[in-house]
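Coordinates from model_37.pdb are shown below (PDB, C-alpha atoms, pLDDT in the B column).
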MODEL        1
ATOM      1  CA  MET O   1      41.341   1.320  39.112  1.00 47.00           C
ATOM      2  CA  LYS O   2      42.193   4.584  37.341  1.00 50.00           C
ATOM      3  CA  LYS O   3      42.999   2.606  34.176  1.00 51.00           C
ATOM      4  CA  ILE O   4      39.911   0.400  34.406  1.00 52.00           C
ATOM      5  CA  LEU O   5      37.385   3.235  34.671  1.00 46.00           C
ATOM      6  CA  PRO O   6      38.271   4.897  31.342  1.00 47.00           C
ATOM      7  CA  LEU O   7      38.187   1.472  29.705  1.00 45.00           C
ATOM      8  CA  LEU O   8      34.683   0.803  31.027  1.00 43.00           C
ATOM      9  CA  LEU O   9      33.501   4.190  29.810  1.00 43.00           C
ATOM     10  CA  PHE O  10      34.936   3.468  26.371  1.00 44.00           C
ATOM     11  CA  VAL O  11      33.177   0.080  26.187  1.00 42.00           C
ATOM     12  CA  LEU O  12      29.842   1.565  27.294  1.00 43.00           C
ATOM     13  CA  SER O  13      30.191   4.342  24.735  1.00 44.00           C
ATOM     14  CA  ALA O  14      30.914   1.838  21.978  1.00 42.00           C
ATOM     15  CA  LEU O  15      27.893  -0.245  22.922  1.00 43.00           C
ATOM     16  CA  THR O  16      25.654   2.819  22.861  1.00 42.00           C
ATOM     17  CA  VAL O  17      26.877   3.781  19.390  1.00 41.00           C
ATOM     18  CA  ASN O  18      26.362   0.243  18.109  1.00 45.00           C
ATOM     19  CA  ALA O  19      22.846   0.149  19.566  1.00 50.00           C
ATOM     20  CA  GLN O  20      21.801   3.193  17.568  1.00 62.00           C
ATOM     21  CA  ALA O  21      20.316   2.648  14.117  1.00 66.00           C
ATOM     22  CA  PRO O  22      22.419   4.034  11.249  1.00 84.00           C
ATOM     23  CA  ASN O  23      21.303   7.220   9.508  1.00 90.00           C
ATOM     24  CA  TYR O  24      21.329   5.435   6.139  1.00 94.00           C
ATOM     25  CA  ASP O  25      23.047   8.318   4.366  1.00 95.00           C
ATOM     26  CA  ASP O  26      24.658   5.759   2.069  1.00 96.00           C
ATOM     27  CA  LEU O  27      21.220   4.668   0.855  1.00 97.00           C
ATOM     28  CA  LYS O  28      20.143   8.251   0.275  1.00 97.00           C
ATOM     29  CA  ILE O  29      23.263   8.883  -1.823  1.00 97.00           C
ATOM     30  CA  LEU O  30      22.792   5.728  -3.885  1.00 97.00           C
ATOM     31  CA  TYR O  31      19.201   6.713  -4.620  1.00 97.00           C
ATOM     32  CA  ALA O  32      20.186  10.265  -5.540  1.00 97.00           C
ATOM     33  CA  ASP O  33      22.827   8.835  -7.893  1.00 97.00           C
ATOM     34  CA  ALA O  34      20.216   6.525  -9.467  1.00 96.00           C
ATOM     35  CA  ASN O  35      22.420   3.568  -8.560  1.00 96.00           C
ATOM     36  CA  TYR O  36      19.377   1.426  -7.906  1.00 96.00           C
ATOM     37  CA  GLU O  37      20.913  -2.032  -8.152  1.00 96.00           C
ATOM     38  CA  LYS O  38      23.549  -1.164  -5.565  1.00 97.00           C
ATOM     39  CA  LEU O  39      20.847   0.482  -3.466  1.00 98.00           C
ATOM     40  CA  VAL O  40      18.950  -2.802  -3.457  1.00 97.00           C
ATOM     41  CA  LYS O  41      22.077  -4.740  -2.532  1.00 97.00           C
ATOM     42  CA  VAL O  42      23.092  -2.458   0.340  1.00 97.00           C
ATOM     43  CA  SER O  43      19.603  -1.914   1.767  1.00 97.00           C
ATOM     44  CA  SER O  44      18.912  -5.651   1.558  1.00 96.00           C
ATOM     45  CA  GLY O  45      22.078  -6.226   3.589  1.00 96.00           C
ATOM     46  CA  TYR O  46      20.760  -3.916   6.297  1.00 96.00           C
ATOM     47  CA  THR O  47      17.445  -5.813   6.468  1.00 95.00           C
ATOM     48  CA  LEU O  48      19.301  -9.048   7.198  1.00 94.00           C
ATOM     49  CA  LYS O  49      21.032  -7.694  10.301  1.00 94.00           C
ATOM     50  CA  ASP O  50      19.472  -8.887  13.549  1.00 91.00           C
ATOM     51  CA  ASP O  51      19.450  -5.415  15.090  1.00 92.00           C
ATOM     52  CA  LEU O  52      17.857  -3.794  12.026  1.00 92.00           C
ATOM     53  CA  LYS O  53      15.338  -6.361  10.779  1.00 90.00           C
ATOM     54  CA  LYS O  54      12.536  -4.552  12.665  1.00 94.00           C
ATOM     55  CA  ASP O  55      13.573  -1.144  11.354  1.00 96.00           C
ATOM     56  CA  PRO O  56      11.221   0.028   8.564  1.00 96.00           C
ATOM     57  CA  ILE O  57      13.767   2.380   6.967  1.00 97.00           C
ATOM     58  CA  PRO O  58      16.031  -0.109   5.144  1.00 97.00           C
ATOM     59  CA  PHE O  59      12.918  -1.892   3.857  1.00 98.00           C
ATOM     60  CA  ILE O  60      11.449   1.310   2.415  1.00 98.00           C
ATOM     61  CA  TRP O  61      14.748   2.059   0.636  1.00 98.00           C
ATOM     62  CA  LEU O  62      14.770  -1.511  -0.662  1.00 98.00           C
ATOM     63  CA  ALA O  63      11.245  -0.969  -1.987  1.00 98.00           C
ATOM     64  CA  LYS O  64      12.264   2.307  -3.649  1.00 98.00           C
ATOM     65  CA  GLY O  65      15.236   0.687  -5.361  1.00 98.00           C
ATOM     66  CA  LEU O  66      13.232  -2.306  -6.602  1.00 98.00           C
ATOM     67  CA  TYR O  67      10.426  -0.070  -7.828  1.00 98.00           C
ATOM     68  CA  LYS O  68      12.834   2.047  -9.865  1.00 97.00           C
ATOM     69  CA  ILE O  69      14.374  -1.082 -11.353  1.00 97.00           C
ATOM     70  CA  SER O  70      10.888  -2.339 -12.280  1.00 96.00           C
ATOM     71  CA  LEU O  71      10.291   0.908 -14.182  1.00 95.00           C
ATOM     72  CA  SER O  72      13.638   1.106 -15.963  1.00 90.00           C
ATOM     73  CA  GLY O  73      14.226  -2.607 -16.388  1.00 84.00           C
ATOM     74  CA  SER O  74      17.287  -4.761 -15.815  1.00 81.00           C
ATOM     75  CA  ASP O  75      19.010  -7.556 -17.696  1.00 81.00           C
ATOM     76  CA  ASP O  76      19.736  -9.309 -14.410  1.00 86.00           C
ATOM     77  CA  GLU O  77      17.482 -12.351 -13.973  1.00 89.00           C
ATOM     78  CA  LYS O  78      17.169 -11.749 -10.228  1.00 91.00           C
ATOM     79  CA  TYR O  79      15.212  -8.554 -10.916  1.00 93.00           C
ATOM     80  CA  LYS O  80      12.594 -10.128 -13.182  1.00 93.00           C
ATOM     81  CA  ASN O  81      10.047  -9.815 -10.361  1.00 95.00           C
ATOM     82  CA  ALA O  82      11.315  -6.449  -9.113  1.00 97.00           C
ATOM     83  CA  TYR O  83       7.841  -4.920  -8.850  1.00 97.00           C
ATOM     84  CA  LYS O  84       6.392  -7.748  -6.776  1.00 97.00           C
ATOM     85  CA  ASP O  85       9.546  -7.789  -4.650  1.00 98.00           C
ATOM     86  CA  ALA O  86       9.056  -4.058  -4.093  1.00 98.00           C
ATOM     87  CA  ILE O  87       5.547  -4.780  -2.816  1.00 98.00           C
ATOM     88  CA  ALA O  88       6.967  -7.317  -0.359  1.00 98.00           C
ATOM     89  CA  ALA O  89       9.577  -4.830   0.865  1.00 98.00           C
ATOM     90  CA  LEU O  90       7.031  -2.026   1.258  1.00 98.00           C
ATOM     91  CA  THR O  91       4.701  -4.404   3.086  1.00 97.00           C
ATOM     92  CA  LYS O  92       7.466  -5.212   5.553  1.00 97.00           C
ATOM     93  CA  ALA O  93       8.332  -1.532   5.986  1.00 97.00           C
ATOM     94  CA  MET O  94       4.748  -0.604   6.800  1.00 96.00           C
ATOM     95  CA  LYS O  95       4.362  -3.566   9.128  1.00 95.00           C
ATOM     96  CA  ASN O  96       7.486  -2.480  11.026  1.00 96.00           C
ATOM     97  CA  ASP O  97       6.257   1.112  11.271  1.00 94.00           C
ATOM     98  CA  LYS O  98       4.135   0.413  14.340  1.00 87.00           C
ATOM     99  CA  ASP O  99       2.944   3.949  15.105  1.00 85.00           C
ATOM    100  CA  GLY O 100       2.850   5.165  11.506  1.00 82.00           C
ATOM    101  CA  THR O 101       5.443   7.900  11.978  1.00 90.00           C
ATOM    102  CA  ALA O 102       8.757   6.380  10.888  1.00 92.00           C
ATOM    103  CA  LEU O 103       7.796   6.436   7.216  1.00 95.00           C
ATOM    104  CA  SER O 104       6.252   9.913   7.161  1.00 93.00           C
ATOM    105  CA  GLU O 105       9.098  11.352   5.076  1.00 94.00           C
ATOM    106  CA  PHE O 106       8.514   8.628   2.472  1.00 96.00           C
ATOM    107  CA  GLN O 107       4.791   9.315   2.023  1.00 95.00           C
ATOM    108  CA  GLU O 108       5.232  10.698  -1.478  1.00 96.00           C
ATOM    109  CA  PHE O 109       6.807   7.418  -2.593  1.00 97.00           C
ATOM    110  CA  ILE O 110       4.128   5.355  -0.837  1.00 97.00           C
ATOM    111  CA  ASP O 111       1.420   7.404  -2.566  1.00 97.00           C
ATOM    112  CA  GLU O 112       3.100   6.911  -5.938  1.00 97.00           C
ATOM    113  CA  PHE O 113       3.451   3.191  -5.401  1.00 98.00           C
ATOM    114  CA  GLN O 114      -0.170   2.845  -4.337  1.00 98.00           C
ATOM    115  CA  GLY O 115      -1.142   4.760  -7.461  1.00 98.00           C
ATOM    116  CA  SER O 116       0.752   2.299  -9.639  1.00 98.00           C
ATOM    117  CA  LEU O 117      -1.230  -0.559  -8.088  1.00 98.00           C
ATOM    118  CA  VAL O 118      -4.513   1.259  -8.678  1.00 98.00           C
ATOM    119  CA  GLU O 119      -3.567   1.619 -12.340  1.00 97.00           C
ATOM    120  CA  LEU O 120      -2.886  -2.120 -12.626  1.00 97.00           C
ATOM    121  CA  ILE O 121      -6.160  -2.929 -10.910  1.00 97.00           C
ATOM    122  CA  ASN O 122      -8.121  -0.594 -13.175  1.00 96.00           C
ATOM    123  CA  ASN O 123      -6.541  -2.128 -16.267  1.00 97.00           C
ATOM    124  CA  ASP O 124      -7.540  -5.628 -15.166  1.00 96.00           C
ATOM    125  CA  LEU O 125     -11.077  -4.517 -14.298  1.00 96.00           C
ATOM    126  CA  ASP O 126     -11.434  -2.914 -17.734  1.00 95.00           C
ATOM    127  CA  ALA O 127     -10.329  -6.230 -19.240  1.00 96.00           C
ATOM    128  CA  LYS O 128     -12.773  -8.017 -16.915  1.00 94.00           C
ATOM    129  CA  ASP O 129      -9.874 -10.090 -15.628  1.00 95.00           C
ATOM    130  CA  TYR O 130     -11.241 -10.265 -12.087  1.00 94.00           C
ATOM    131  CA  ASN O 131      -8.906 -13.035 -11.041  1.00 93.00           C
ATOM    132  CA  LYS O 132      -5.822 -10.962 -11.832  1.00 95.00           C
ATOM    133  CA  ALA O 133      -7.360  -7.809 -10.360  1.00 95.00           C
ATOM    134  CA  SER O 134      -8.078  -9.716  -7.162  1.00 94.00           C
ATOM    135  CA  GLY O 135      -4.404 -10.606  -6.792  1.00 96.00           C
ATOM    136  CA  TRP O 136      -3.356  -6.962  -6.972  1.00 97.00           C
ATOM    137  CA  VAL O 137      -6.139  -5.962  -4.576  1.00 97.00           C
ATOM    138  CA  ILE O 138      -4.811  -8.340  -1.916  1.00 96.00           C
ATOM    139  CA  LYS O 139      -1.377  -6.793  -2.330  1.00 97.00           C
ATOM    140  CA  TYR O 140      -2.820  -3.274  -2.088  1.00 98.00           C
ATOM    141  CA  ILE O 141      -4.347  -4.098   1.282  1.00 96.00           C
ATOM    142  CA  LYS O 142      -0.843  -4.780   2.598  1.00 96.00           C
ATOM    143  CA  VAL O 143       0.555  -1.382   1.580  1.00 97.00           C
ATOM    144  CA  THR O 144      -2.114   0.949   2.924  1.00 96.00           C
ATOM    145  CA  LYS O 145      -3.391   2.171   6.266  1.00 94.00           C
ATOM    146  CA  ASN O 146      -6.857   2.606   4.706  1.00 96.00           C
ATOM    147  CA  PRO O 147      -7.834  -0.780   3.223  1.00 97.00           C
ATOM    148  CA  ILE O 148     -11.608  -0.283   3.095  1.00 98.00           C
ATOM    149  CA  GLY O 149     -11.805   0.418  -0.642  1.00 98.00           C
ATOM    150  CA  ALA O 150      -9.682  -2.620  -1.380  1.00 98.00           C
ATOM    151  CA  LYS O 151     -11.917  -4.685   0.911  1.00 98.00           C
ATOM    152  CA  TYR O 152     -15.002  -3.664  -1.050  1.00 98.00           C
ATOM    153  CA  LEU O 153     -13.195  -4.466  -4.278  1.00 98.00           C
ATOM    154  CA  ASP O 154     -12.009  -7.796  -2.885  1.00 97.00           C
ATOM    155  CA  GLY O 155     -15.639  -8.676  -2.229  1.00 97.00           C
ATOM    156  CA  ALA O 156     -16.685  -7.597  -5.723  1.00 97.00           C
ATOM    157  CA  SER O 157     -13.876  -9.627  -7.310  1.00 95.00           C
ATOM    158  CA  LYS O 158     -14.902 -12.686  -5.321  1.00 96.00           C
ATOM    159  CA  TYR O 159     -18.530 -12.199  -6.370  1.00 97.00           C
ATOM    160  CA  ARG O 160     -17.522 -12.016 -10.033  1.00 95.00           C
ATOM    161  CA  LYS O 161     -15.640 -15.289  -9.539  1.00 93.00           C
ATOM    162  CA  THR O 162     -18.840 -16.845  -8.098  1.00 93.00           C
ATOM    163  CA  ASP O 163     -17.444 -16.953  -4.560  1.00 95.00           C
ATOM    164  CA  LYS O 164     -20.520 -15.374  -2.978  1.00 95.00           C
ATOM    165  CA  GLY O 165     -19.628 -16.528   0.529  1.00 95.00           C
ATOM    166  CA  GLY O 166     -16.191 -14.930   0.303  1.00 95.00           C
ATOM    167  CA  ALA O 167     -17.729 -11.812  -1.219  1.00 97.00           C
ATOM    168  CA  ASN O 168     -20.202 -11.346   1.626  1.00 96.00           C
ATOM    169  CA  THR O 169     -17.465 -11.836   4.227  1.00 97.00           C
ATOM    170  CA  ALA O 170     -15.288  -9.163   2.601  1.00 97.00           C
ATOM    171  CA  TRP O 171     -18.233  -6.770   2.250  1.00 98.00           C
ATOM    172  CA  LYS O 172     -19.175  -7.182   5.912  1.00 97.00           C
ATOM    173  CA  GLU O 173     -15.610  -6.325   6.915  1.00 97.00           C
ATOM    174  CA  ALA O 174     -15.747  -3.260   4.677  1.00 98.00           C
ATOM    175  CA  GLU O 175     -19.094  -2.156   6.118  1.00 97.00           C
ATOM    176  CA  THR O 176     -17.667  -2.385   9.634  1.00 97.00           C
ATOM    177  CA  MET O 177     -14.693  -0.249   8.559  1.00 97.00           C
ATOM    178  CA  LEU O 178     -17.014   2.295   6.931  1.00 97.00           C
ATOM    179  CA  THR O 179     -18.864   2.959  10.196  1.00 96.00           C
ATOM    180  CA  LYS O 180     -15.589   4.136  11.748  1.00 96.00           C
ATOM    181  CA  ILE O 181     -14.667   6.617   9.001  1.00 96.00           C
ATOM    182  CA  THR O 182     -15.634  10.264   9.400  1.00 95.00           C
ATOM    183  CA  THR O 183     -13.404  11.805   6.724  1.00 96.00           C
ATOM    184  CA  ILE O 184     -11.042  10.785   3.947  1.00 97.00           C
ATOM    185  CA  GLU O 185      -9.451  14.204   3.629  1.00 95.00           C
ATOM    186  CA  ASP O 186      -6.029  13.026   4.797  1.00 94.00           C
ATOM    187  CA  TRP O 187      -6.031   9.884   2.623  1.00 96.00           C
ATOM    188  CA  SER O 188      -3.728   9.443  -0.337  1.00 96.00           C
ATOM    189  CA  ASP O 189      -5.259   9.946  -3.790  1.00 96.00           C
ATOM    190  CA  ALA O 190      -4.829   6.219  -4.394  1.00 97.00           C
ATOM    191  CA  ASP O 191      -6.791   5.311  -1.250  1.00 98.00           C
ATOM    192  CA  LYS O 192      -9.575   7.687  -2.303  1.00 97.00           C
ATOM    193  CA  ASP O 193      -9.626   6.128  -5.772  1.00 97.00           C
ATOM    194  CA  MET O 194      -9.706   2.631  -4.299  1.00 98.00           C
ATOM    195  CA  LEU O 195     -12.733   3.473  -2.155  1.00 98.00           C
ATOM    196  CA  LYS O 196     -14.499   4.909  -5.186  1.00 97.00           C
ATOM    197  CA  ILE O 197     -13.674   1.889  -7.344  1.00 97.00           C
ATOM    198  CA  GLY O 198     -14.542  -0.536  -4.568  1.00 98.00           C
ATOM    199  CA  VAL O 199     -17.999   0.865  -3.844  1.00 97.00           C
ATOM    200  CA  PHE O 200     -18.869   1.167  -7.539  1.00 97.00           C
ATOM    201  CA  GLN O 201     -17.826  -2.413  -8.246  1.00 97.00           C
ATOM    202  CA  THR O 202     -19.746  -3.576  -5.180  1.00 97.00           C
ATOM    203  CA  ALA O 203     -22.815  -1.582  -6.203  1.00 96.00           C
ATOM    204  CA  GLU O 204     -22.732  -3.217  -9.634  1.00 95.00           C
ATOM    205  CA  CYS O 205     -22.643  -6.629  -7.958  1.00 96.00           C
ATOM    206  CA  TYR O 206     -25.632  -5.691  -5.787  1.00 96.00           C
ATOM    207  CA  ILE O 207     -27.556  -4.684  -8.886  1.00 95.00           C
ATOM    208  CA  LEU O 208     -26.661  -7.971 -10.590  1.00 94.00           C
ATOM    209  CA  SER O 209     -28.120  -9.756  -7.566  1.00 95.00           C
ATOM    210  CA  LYS O 210     -31.278  -7.599  -7.849  1.00 94.00           C
ATOM    211  CA  GLN O 211     -30.469  -5.449  -4.807  1.00 94.00           C
ATOM    212  CA  LYS O 212     -30.613  -1.984  -6.371  1.00 93.00           C
ATOM    213  CA  ASP O 213     -31.694  -0.305  -3.127  1.00 94.00           C
ATOM    214  CA  LYS O 214     -28.673  -1.760  -1.366  1.00 95.00           C
ATOM    215  CA  ALA O 215     -26.436  -0.415  -4.140  1.00 95.00           C
ATOM    216  CA  LYS O 216     -27.963   3.058  -3.814  1.00 94.00           C
ATOM    217  CA  THR O 217     -27.598   3.033  -0.032  1.00 95.00           C
ATOM    218  CA  LEU O 218     -23.915   2.142  -0.288  1.00 97.00           C
ATOM    219  CA  LEU O 219     -23.157   4.884  -2.809  1.00 96.00           C
ATOM    220  CA  ASN O 220     -25.020   7.448  -0.743  1.00 95.00           C
ATOM    221  CA  LYS O 221     -22.880   6.581   2.292  1.00 96.00           C
ATOM    222  CA  VAL O 222     -19.721   7.739   0.523  1.00 97.00           C
ATOM    223  CA  ALA O 223     -21.163  10.394  -1.814  1.00 95.00           C
ATOM    224  CA  GLN O 224     -20.404  13.175   0.725  1.00 95.00           C
ATOM    225  CA  TRP O 225     -16.667  12.661   0.119  1.00 97.00           C
ATOM    226  CA  TYR O 226     -16.921  12.936  -3.666  1.00 96.00           C
ATOM    227  CA  GLU O 227     -19.137  15.998  -4.094  1.00 93.00           C
ATOM    228  CA  GLU O 228     -16.566  17.678  -6.353  1.00 92.00           C
ATOM    229  CA  ASP O 229     -15.696  14.505  -8.247  1.00 93.00           C
ATOM    230  CA  GLU O 230     -17.325  14.590 -11.689  1.00 93.00           C
ATOM    231  CA  ASP O 231     -16.347  10.989 -12.417  1.00 90.00           C
ATOM    232  CA  PHE O 232     -18.159   9.890  -9.259  1.00 93.00           C
ATOM    233  CA  LYS O 233     -21.308  11.816 -10.223  1.00 92.00           C
ATOM    234  CA  THR O 234     -21.319  10.358 -13.726  1.00 92.00           C
ATOM    235  CA  LYS O 235     -20.805   6.789 -12.514  1.00 88.00           C
ATOM    236  CA  TYR O 236     -23.366   7.272  -9.753  1.00 90.00           C
ATOM    237  CA  ASP O 237     -26.034   8.335 -12.260  1.00 90.00           C
ATOM    238  CA  GLU O 238     -25.045   5.499 -14.572  1.00 87.00           C
ATOM    239  CA  ILE O 239     -25.478   2.859 -11.873  1.00 84.00           C
ATOM    240  CA  ILE O 240     -28.498   4.230 -10.043  1.00 79.00           C
ATOM    241  CA  ASN O 241     -30.486   5.518 -13.011  1.00 77.00           C
TER
ENDMDL
END
Could I get this file's structure written as structure tokens?
Amino acid sequence: MKKILPLLLFVLSALTVNAQAPNYDDLKILYADANYEKLVKVSSGYTLKDDLKKDPIPFIWLAKGLYKISLSGSDDEKYKNAYKDAIAALTKAMKNDKDGTALSEFQEFIDEFQGSLVELINNDLDAKDYNKASGWVIKYIKVTKNPIGAKYLDGASKYRKTDKGGANTAWKEAETMLTKITTIEDWSDADKDMLKIGVFQTAECYILSKQKDKAKTLLNKVAQWYEEDEDFKTKYDEIIN
């Protein structure tokens, strides 16, 4: 009995250690060393483990590695879609972060990534490539906790593609979201930009459908959050006047 008890304690201790998630120091070191391809390989391995596939941390490191590769480039064929793969990894990370706290230390990266999507969306809107912009908008919705701006923009993109039914559905969802928002102070800059872009694009669609009053009402609902934004004021006057 005296020999069995220590053995049981050892087994229980080992099980407890194995049940704990790793601290991922290896991933932090690989990122600090700019060894992004190895970071992707190692973090991807973590995401495939049964006991870690619901952990958002390896997925966020996978997203960071893929994003860096998309910026610097790689000759390896498997990284030709690194940016889109980074979106998928970030989507999974945010989905796994049930209470929104596990990824708090990675918020700077999330903000940067969202900003890169906003830039792509703006470029496509400037080119009037609404189909392509729509694709990025759908992806943006998956990597934000504040999708209202993207919802408005989704509706506007659908309207431009003559999908008026889809546009109205998206706009109704956005309007419902808007009634629940009291401040955007704690939003990322990208989320704030997306709301601004979304309501302006929607307002333009309302005007095209001869609903100028509706466009003005929408802009006035969000104007309180952009009082110091000169771009908002200029665009507001351009659309309304």
Query raised in the report: Nearest to Tyr67 of chain O among O:Glu227, O:Glu173, O:Asp213, O:Asp85, with distances taken over all atoms listed in the file: which residue is it?
Result: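 Going through O:Glu227, O:Glu173, O:Asp213, O:Asp85 one by one, the smallest distance to Tyr67 of chain O is for O:Asp85.
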Query - Given all atoms listed in the file as the counted atoms, nearest of O:Ser157, O:Thr47, O:Ser104, O:Asn131 to Phe59 of chain O - result: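 Going through O:Ser157, O:Thr47, O:Ser104, O:Asn131 one by one, the smallest distance to Phe59 of chain O is for O:Thr47.
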Query - Among the residues O:Met94, O:Glu105, O:Thr234, O:Phe113, the one that comes closest to Lys68 of chain O [using only C-alpha atoms] - result: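 Using only C-alpha atoms, the shortest distance to Lys68 of chain O belongs to O:Phe113.
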I need the residue set behind the PyMOL selection byres ((chain O and resi 130) around 12) for this file; please write it as a PDB file with C-alpha atoms, in the coordinates of the input.
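Once everything was written out, this is out.pdb:
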ATOM      1  CA  LEU O 120      -2.886  -2.120 -12.626  1.00 97.00           C
ATOM      2  CA  ILE O 121      -6.160  -2.929 -10.910  1.00 97.00           C
ATOM      3  CA  ASN O 122      -8.121  -0.594 -13.175  1.00 96.00           C
ATOM      4  CA  ASN O 123      -6.541  -2.128 -16.267  1.00 97.00           C
ATOM      5  CA  ASP O 124      -7.540  -5.628 -15.166  1.00 96.00           C
ATOM      6  CA  LEU O 125     -11.077  -4.517 -14.298  1.00 96.00           C
ATOM      7  CA  ASP O 126     -11.434  -2.914 -17.734  1.00 95.00           C
ATOM      8  CA  ALA O 127     -10.329  -6.230 -19.240  1.00 96.00           C
ATOM      9  CA  LYS O 128     -12.773  -8.017 -16.915  1.00 94.00           C
ATOM     10  CA  ASP O 129      -9.874 -10.090 -15.628  1.00 95.00           C
ATOM     11  CA  ASN O 131      -8.906 -13.035 -11.041  1.00 93.00           C
ATOM     12  CA  LYS O 132      -5.822 -10.962 -11.832  1.00 95.00           C
ATOM     13  CA  ALA O 133      -7.360  -7.809 -10.360  1.00 95.00           C
ATOM     14  CA  SER O 134      -8.078  -9.716  -7.162  1.00 94.00           C
ATOM     15  CA  GLY O 135      -4.404 -10.606  -6.792  1.00 96.00           C
ATOM     16  CA  TRP O 136      -3.356  -6.962  -6.972  1.00 97.00           C
ATOM     17  CA  VAL O 137      -6.139  -5.962  -4.576  1.00 97.00           C
ATOM     18  CA  LEU O 153     -13.195  -4.466  -4.278  1.00 98.00           C
ATOM     19  CA  ASP O 154     -12.009  -7.796  -2.885  1.00 97.00           C
ATOM     20  CA  GLY O 155     -15.639  -8.676  -2.229  1.00 97.00           C
ATOM     21  CA  ALA O 156     -16.685  -7.597  -5.723  1.00 97.00           C
ATOM     22  CA  SER O 157     -13.876  -9.627  -7.310  1.00 95.00           C
ATOM     23  CA  LYS O 158     -14.902 -12.686  -5.321  1.00 96.00           C
ATOM     24  CA  TYR O 159     -18.530 -12.199  -6.370  1.00 97.00           C
ATOM     25  CA  ARG O 160     -17.522 -12.016 -10.033  1.00 95.00           C
ATOM     26  CA  LYS O 161     -15.640 -15.289  -9.539  1.00 93.00           C
ATOM     27  CA  THR O 162     -18.840 -16.845  -8.098  1.00 93.00           C
ATOM     28  CA  ASP O 163     -17.444 -16.953  -4.560  1.00 95.00           C
ATOM     29  CA  GLN O 201     -17.826  -2.413  -8.246  1.00 97.00           C
TER      30      GLN O 201
END
Report task. Could you check how far atom CA of Leu27 of chain O sits from atom CA of Asn146 of chain O, in Å to one decimal? Result ->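 According to the coordinates, atom CA of Leu27 of chain O and atom CA of Asn146 of chain O are separated by 28.4 Å.
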Query - Given only C-alpha atoms as the counted atoms, nearest of O:Leu178, O:Leu195, O:Ala86, O:Leu52 to Phe232 of chain O - result: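 For Phe232 of chain O, the nearest of the candidates is O:Leu195.
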Query raised in the report: atom CA of Asp97 of chain O and atom CA of Leu117 of chain O, how far apart in Å?
Result: 20.8 Å
Query raised in the report: When you draw a straight line from atom CA of Ala82 of chain O to atom CA of Val118 of chain O, how long is it in Å?
Result: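 Atom CA of Ala82 of chain O sits 17.6 Å away from atom CA of Val118 of chain O.
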Report task. Excluding Trp61 of chain O and any residue of its chain fewer than 6 positions from it, enumerate the residues within 12 Å of it, using all atoms listed in the file, and give them as JSON, numbers by chain. Result -> {"O": [24, 25, 26, 27, 28, 29, 30, 31, 32, 36, 37, 38, 39, 40, 41, 42, 43, 44, 45, 46, 47, 55, 67, 68, 86, 87, 89, 90, 92, 93, 103, 105, 106, 109, 110]}
Please produce an output containing C-alpha atoms for each residue in the selection, written as a tab-separated table (two decimals), keeping the file's coordinate frame.
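Wrote result-v4.tsv, looks like this:
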chain	number	residue	atom	x	y	z
O	24	TYR	CA	21.33	5.44	6.14
O	25	ASP	CA	23.05	8.32	4.37
O	26	ASP	CA	24.66	5.76	2.07
O	27	LEU	CA	21.22	4.67	0.86
O	28	LYS	CA	20.14	8.25	0.28
O	29	ILE	CA	23.26	8.88	-1.82
O	30	LEU	CA	22.79	5.73	-3.88
O	31	TYR	CA	19.20	6.71	-4.62
O	32	ALA	CA	20.19	10.26	-5.54
O	36	TYR	CA	19.38	1.43	-7.91
O	37	GLU	CA	20.91	-2.03	-8.15
O	38	LYS	CA	23.55	-1.16	-5.56
O	39	LEU	CA	20.85	0.48	-3.47
O	40	VAL	CA	18.95	-2.80	-3.46
O	41	LYS	CA	22.08	-4.74	-2.53
O	42	VAL	CA	23.09	-2.46	0.34
O	43	SER	CA	19.60	-1.91	1.77
O	44	SER	CA	18.91	-5.65	1.56
O	45	GLY	CA	22.08	-6.23	3.59
O	46	TYR	CA	20.76	-3.92	6.30
O	47	THR	CA	17.44	-5.81	6.47
O	55	ASP	CA	13.57	-1.14	11.35
O	67	TYR	CA	10.43	-0.07	-7.83
O	68	LYS	CA	12.83	2.05	-9.86
O	86	ALA	CA	9.06	-4.06	-4.09
O	87	ILE	CA	5.55	-4.78	-2.82
O	89	ALA	CA	9.58	-4.83	0.86
O	90	LEU	CA	7.03	-2.03	1.26
O	92	LYS	CA	7.47	-5.21	5.55
O	93	ALA	CA	8.33	-1.53	5.99
O	103	LEU	CA	7.80	6.44	7.22
O	105	GLU	CA	9.10	11.35	5.08
O	106	PHE	CA	8.51	8.63	2.47
O	109	PHE	CA	6.81	7.42	-2.59
O	110	ILE	CA	4.13	5.36	-0.84
**Report entry** Selection result of the PyMOL selection byres ((chain O and resi 191) around 12) on this file, as a PyMOL selection string
**Finding:** chain O and resi 110-118+137+140-141+143-151+184-190+192-198
